[in-house]
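First comes the structure, then the notes that go with it.
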Amino acid sequence: MASSTHCPHRPCHRAPSRAGRGTGVPVPARGRAAVPAAVLVVLAVLTGCGAVTGTTGRELPAVAVTAAGPPGTAHTGQGRTGAAARHRPPARIPGLGPRTLAWIPENARQVVVVTGRGRDANRSEAVLHQHTGTGWEAGPVWPARNALRGWTDDHRAGDLRSPVGVFSLGDAGGLLPDPGTALPYDRSAGFAVGGTGFAGEPLAGSFDYVIAIDYNRVPGTSPLDPTRPLGAGRGGGIWLHVDHEGPTQGCVSLAERHMRELLRILDPELHPVIVMGDAPALRR
């Protein structure tokens, strides 16, 4: 979550299309102006998290689908997933209440649930749930970290809290080569980072792999894109990225091996989303 910067001025690498693959949400071609790597490093040191700043909070979360919603909730999805399952796995994702379930778009078939240990805690757990056609099948539980001060329903830039909500996952990138993801992947030196985090831990390598969380950003662009549709005051640049052994500015971090695994599993045809927040908030 550091202040966003532009991706280098070149077409970003994209994963090869699959035969017969559905288009889902259109993803435009991407090209950005170059920004010196040193500037990116300074921004990351100042903010403690990615090449983008904080988050953006609202009552209802942003997801990359077209649906009606209250003012200020562009791209908000409202709709419950799936028919009731008569067999295992469960018809609903455990730990999610009716409000949270209503935020998940009907076409979402991959849901990453990040559950915080408490409202003010910066430790959490992540589980990928995939719909089998009859219900939701949960993957392994992965340890995760979130923002230094925990979670918020109304995120503002610099509050050091992660936004509670449901957000689409459609764009990825990193300093390292594409690990084999079906998501559009922007490999760029713009993901280089240095300095130390809140616990004095080195930040180098934190952005080797990132997945943009569609909170106050334009879906279909590089994670480095600085555009903030709701304004800079609402934050932005919320990513899934590699854990640096310390709390984040607003992002969610996972171990590097889990980031690689997630990148290889997520499929834009299945309209993946992330559900994130402290456990009481997600049960609402």
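For the structure tokens, the naming scheme is as follows: chains receive sequential letters (A, B, ...) according to their order of presentation, residues are indexed from 1 within each chain, and ligands are indexed from 1 in presentation order.
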
Can you list, as a PyMOL selection string, every protein, DNA or RNA residue that comes within 7 Å of region 168-182 of chain A when you count only C-alpha atoms, leaving out same-chain residues fewer than 5 positions away?
chain A and resi 15+63-64+187-189+191-192+207-214+219-223+260+263-264+266-268+272-274

Produce a file of the selected residues containing N, CA and C atoms, as a PDB file, in the first residue's frame.
ATOM      1  N   ALA A  15      -1.177 -13.297 -19.492  1.00  0.00           N
ATOM      2  CA  ALA A  15      -1.187 -14.743 -19.614  1.00  0.00           C
ATOM      3  C   ALA A  15      -1.834 -15.128 -20.936  1.00  0.00           C
ATOM      4  N   VAL A  63     -16.484  -4.692  -6.322  1.00  0.00           N
ATOM      5  CA  VAL A  63     -16.145  -5.899  -7.056  1.00  0.00           C
ATOM      6  C   VAL A  63     -16.327  -5.619  -8.532  1.00  0.00           C
ATOM      7  N   ALA A  64     -15.618  -6.350  -9.368  1.00  0.00           N
ATOM      8  CA  ALA A  64     -15.626  -6.044 -10.795  1.00  0.00           C
ATOM      9  C   ALA A  64     -16.784  -6.708 -11.507  1.00  0.00           C
ATOM     10  N   ARG A 187       4.921  -8.025 -15.168  1.00  0.00           N
ATOM     11  CA  ARG A 187       6.246  -8.120 -14.570  1.00  0.00           C
ATOM     12  C   ARG A 187       6.948  -6.788 -14.788  1.00  0.00           C
ATOM     13  N   SER A 188       7.416  -6.170 -13.697  1.00  0.00           N
ATOM     14  CA  SER A 188       7.981  -4.829 -13.809  1.00  0.00           C
ATOM     15  C   SER A 188       8.987  -4.575 -12.697  1.00  0.00           C
ATOM     16  N   ALA A 189      10.019  -3.807 -13.024  1.00  0.00           N
ATOM     17  CA  ALA A 189      10.959  -3.346 -12.004  1.00  0.00           C
ATOM     18  C   ALA A 189      10.291  -2.377 -11.038  1.00  0.00           C
ATOM     19  N   PHE A 191       8.035  -3.011  -9.153  1.00  0.00           N
ATOM     20  CA  PHE A 191       7.671  -3.727  -7.932  1.00  0.00           C
ATOM     21  C   PHE A 191       8.855  -3.890  -6.973  1.00  0.00           C
ATOM     22  N   ALA A 192      10.015  -3.330  -7.328  1.00  0.00           N
ATOM     23  CA  ALA A 192      11.163  -3.383  -6.418  1.00  0.00           C
ATOM     24  C   ALA A 192      10.865  -2.547  -5.174  1.00  0.00           C
ATOM     25  N   PHE A 207       7.071  -7.633  -2.982  1.00  0.00           N
ATOM     26  CA  PHE A 207       6.255  -7.521  -4.188  1.00  0.00           C
ATOM     27  C   PHE A 207       6.804  -8.392  -5.314  1.00  0.00           C
ATOM     28  N   ASP A 208       7.466  -9.475  -4.923  1.00  0.00           N
ATOM     29  CA  ASP A 208       7.876 -10.448  -5.935  1.00  0.00           C
ATOM     30  C   ASP A 208       6.657 -10.983  -6.664  1.00  0.00           C
ATOM     31  N   TYR A 209       5.558 -11.167  -5.924  1.00  0.00           N
ATOM     32  CA  TYR A 209       4.266 -11.540  -6.511  1.00  0.00           C
ATOM     33  C   TYR A 209       3.184 -10.717  -5.830  1.00  0.00           C
ATOM     34  N   VAL A 210       2.291 -10.123  -6.607  1.00  0.00           N
ATOM     35  CA  VAL A 210       1.163  -9.383  -6.045  1.00  0.00           C
ATOM     36  C   VAL A 210      -0.093  -9.680  -6.857  1.00  0.00           C
ATOM     37  N   ILE A 211      -1.219  -9.573  -6.174  1.00  0.00           N
ATOM     38  CA  ILE A 211      -2.532  -9.628  -6.820  1.00  0.00           C
ATOM     39  C   ILE A 211      -3.284  -8.387  -6.360  1.00  0.00           C
ATOM     40  N   ALA A 212      -3.732  -7.574  -7.289  1.00  0.00           N
ATOM     41  CA  ALA A 212      -4.452  -6.354  -6.935  1.00  0.00           C
ATOM     42  C   ALA A 212      -5.827  -6.702  -6.385  1.00  0.00           C
ATOM     43  N   ILE A 213      -6.173  -6.112  -5.263  1.00  0.00           N
ATOM     44  CA  ILE A 213      -7.518  -6.208  -4.691  1.00  0.00           C
ATOM     45  C   ILE A 213      -8.292  -5.005  -5.198  1.00  0.00           C
ATOM     46  N   ASP A 214      -9.419  -5.235  -5.843  1.00  0.00           N
ATOM     47  CA  ASP A 214     -10.121  -4.152  -6.546  1.00  0.00           C
ATOM     48  C   ASP A 214     -10.873  -3.244  -5.582  1.00  0.00           C
ATOM     49  N   PRO A 219     -10.366  -1.844 -12.379  1.00  0.00           N
ATOM     50  CA  PRO A 219     -10.075  -3.218 -12.777  1.00  0.00           C
ATOM     51  C   PRO A 219      -9.590  -3.271 -14.225  1.00  0.00           C
ATOM     52  N   GLY A 220      -8.701  -4.234 -14.499  1.00  0.00           N
ATOM     53  CA  GLY A 220      -8.184  -4.382 -15.844  1.00  0.00           C
ATOM     54  C   GLY A 220      -6.918  -3.592 -16.088  1.00  0.00           C
ATOM     55  N   THR A 221      -6.294  -3.089 -15.037  1.00  0.00           N
ATOM     56  CA  THR A 221      -5.044  -2.345 -15.151  1.00  0.00           C
ATOM     57  C   THR A 221      -3.980  -3.002 -14.272  1.00  0.00           C
ATOM     58  N   SER A 222      -2.728  -2.624 -14.482  1.00  0.00           N
ATOM     59  CA  SER A 222      -1.651  -3.140 -13.648  1.00  0.00           C
ATOM     60  C   SER A 222      -1.894  -2.785 -12.182  1.00  0.00           C
ATOM     61  N   PRO A 223      -1.436  -3.633 -11.246  1.00  0.00           N
ATOM     62  CA  PRO A 223      -1.505  -3.245  -9.838  1.00  0.00           C
ATOM     63  C   PRO A 223      -0.809  -1.915  -9.553  1.00  0.00           C
ATOM     64  N   ARG A 260       2.426 -18.022  -4.829  1.00  0.00           N
ATOM     65  CA  ARG A 260       2.608 -18.726  -6.106  1.00  0.00           C
ATOM     66  C   ARG A 260       1.473 -19.698  -6.360  1.00  0.00           C
ATOM     67  N   LEU A 263      -1.736 -17.795  -7.271  1.00  0.00           N
ATOM     68  CA  LEU A 263      -1.659 -17.274  -8.632  1.00  0.00           C
ATOM     69  C   LEU A 263      -1.920 -18.363  -9.668  1.00  0.00           C
ATOM     70  N   ARG A 264      -1.453 -19.555  -9.421  1.00  0.00           N
ATOM     71  CA  ARG A 264      -1.642 -20.649 -10.372  1.00  0.00           C
ATOM     72  C   ARG A 264      -3.062 -21.190 -10.371  1.00  0.00           C
ATOM     73  N   LEU A 266      -6.015 -19.285  -9.357  1.00  0.00           N
ATOM     74  CA  LEU A 266      -7.064 -18.319  -9.707  1.00  0.00           C
ATOM     75  C   LEU A 266      -7.294 -18.289 -11.211  1.00  0.00           C
ATOM     76  N   ASP A 267      -8.564 -18.283 -11.581  1.00  0.00           N
ATOM     77  CA  ASP A 267      -8.965 -18.363 -12.985  1.00  0.00           C
ATOM     78  C   ASP A 267      -9.983 -17.267 -13.262  1.00  0.00           C
ATOM     79  N   PRO A 268      -9.680 -16.329 -14.151  1.00  0.00           N
ATOM     80  CA  PRO A 268     -10.641 -15.252 -14.422  1.00  0.00           C
ATOM     81  C   PRO A 268     -11.993 -15.757 -14.905  1.00  0.00           C
ATOM     82  N   PRO A 272     -12.927 -14.747  -9.617  1.00  0.00           N
ATOM     83  CA  PRO A 272     -12.486 -14.813  -8.221  1.00  0.00           C
ATOM     84  C   PRO A 272     -12.681 -13.502  -7.468  1.00  0.00           C
ATOM     85  N   VAL A 273     -12.987 -13.634  -6.193  1.00  0.00           N
ATOM     86  CA  VAL A 273     -13.123 -12.483  -5.303  1.00  0.00           C
ATOM     87  C   VAL A 273     -12.411 -12.800  -3.996  1.00  0.00           C
ATOM     88  N   ILE A 274     -12.141 -11.757  -3.236  1.00  0.00           N
ATOM     89  CA  ILE A 274     -11.614 -11.911  -1.890  1.00  0.00           C
ATOM     90  C   ILE A 274     -12.633 -11.350  -0.916  1.00  0.00           C
TER      91      ILE A 274
END

Picked from region 85-214 of chain A by DSSP as helix (DSSP H, G or I), as a VMD selection string: chain A and resid 98 to 103 189 to 191

Would you mind exporting N, CA and C atoms of the selected residues as an mmCIF file, in the first residue's frame?
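To be explicit, this is the file written out as again-v8.cif:
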data_model
loop_
_atom_site.group_PDB
_atom_site.id
_atom_site.type_symbol
_atom_site.label_atom_id
_atom_site.label_comp_id
_atom_site.auth_asym_id
_atom_site.auth_seq_id
_atom_site.Cartn_x
_atom_site.Cartn_y
_atom_site.Cartn_z
ATOM 1 N N PRO A 98 -25.233 -13.340 6.482
ATOM 2 C CA PRO A 98 -26.081 -12.975 5.340
ATOM 3 C C PRO A 98 -25.649 -11.703 4.626
ATOM 4 N N ARG A 99 -25.165 -10.701 5.370
ATOM 5 C CA ARG A 99 -24.726 -9.469 4.710
ATOM 6 C C ARG A 99 -23.517 -9.741 3.826
ATOM 7 N N THR A 100 -22.554 -10.460 4.357
ATOM 8 C CA THR A 100 -21.340 -10.749 3.590
ATOM 9 C C THR A 100 -21.662 -11.629 2.390
ATOM 10 N N LEU A 101 -22.504 -12.637 2.587
ATOM 11 C CA LEU A 101 -22.892 -13.517 1.480
ATOM 12 C C LEU A 101 -23.584 -12.729 0.370
ATOM 13 N N ALA A 102 -24.379 -11.728 0.759
ATOM 14 C CA ALA A 102 -25.085 -10.927 -0.238
ATOM 15 C C ALA A 102 -24.140 -10.097 -1.080
ATOM 16 N N TRP A 103 -22.945 -9.829 -0.569
ATOM 17 C CA TRP A 103 -21.959 -9.050 -1.324
ATOM 18 C C TRP A 103 -21.247 -9.884 -2.387
ATOM 19 N N ALA A 189 10.019 -3.807 -13.024
ATOM 20 C CA ALA A 189 10.959 -3.346 -12.004
ATOM 21 C C ALA A 189 10.291 -2.377 -11.038
ATOM 22 N N GLY A 190 9.110 -1.892 -11.390
ATOM 23 C CA GLY A 190 8.364 -1.014 -10.503
ATOM 24 C C GLY A 190 7.933 -1.683 -9.215
ATOM 25 N N PHE A 191 8.035 -3.011 -9.153
ATOM 26 C CA PHE A 191 7.671 -3.727 -7.932
ATOM 27 C C PHE A 191 8.855 -3.890 -6.973
#

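Closest approach to Gly139 (chain A) among A:Glu125, A:Asp159, A:Asp154, A:Asp225: A:Glu125, based on only C-alpha atoms.
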
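With distances restricted to only C-alpha atoms, A:His258 is the closest residue to Pro143 (chain A) from A:Ile104, A:Gly95, A:His258, A:Leu282.
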
**Request:** Compile the contact shell of Ala126 (chain A) as JSON, numbers by chain: residues with an atom at most 12 Å away, counting only C-alpha atoms, same-chain residues fewer than 5 positions apart removed.
**Result:** {"A": [111, 112, 113, 114, 115, 116, 117, 138, 139, 140, 141, 142, 143, 144, 145, 146, 240, 252, 253, 254, 255, 258, 259, 262, 274, 275, 276, 277, 278, 279]}

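In this model, the gap between CA of Gln130 (chain A) and CA of Asn216 (chain A) comes to 25.5 Å.
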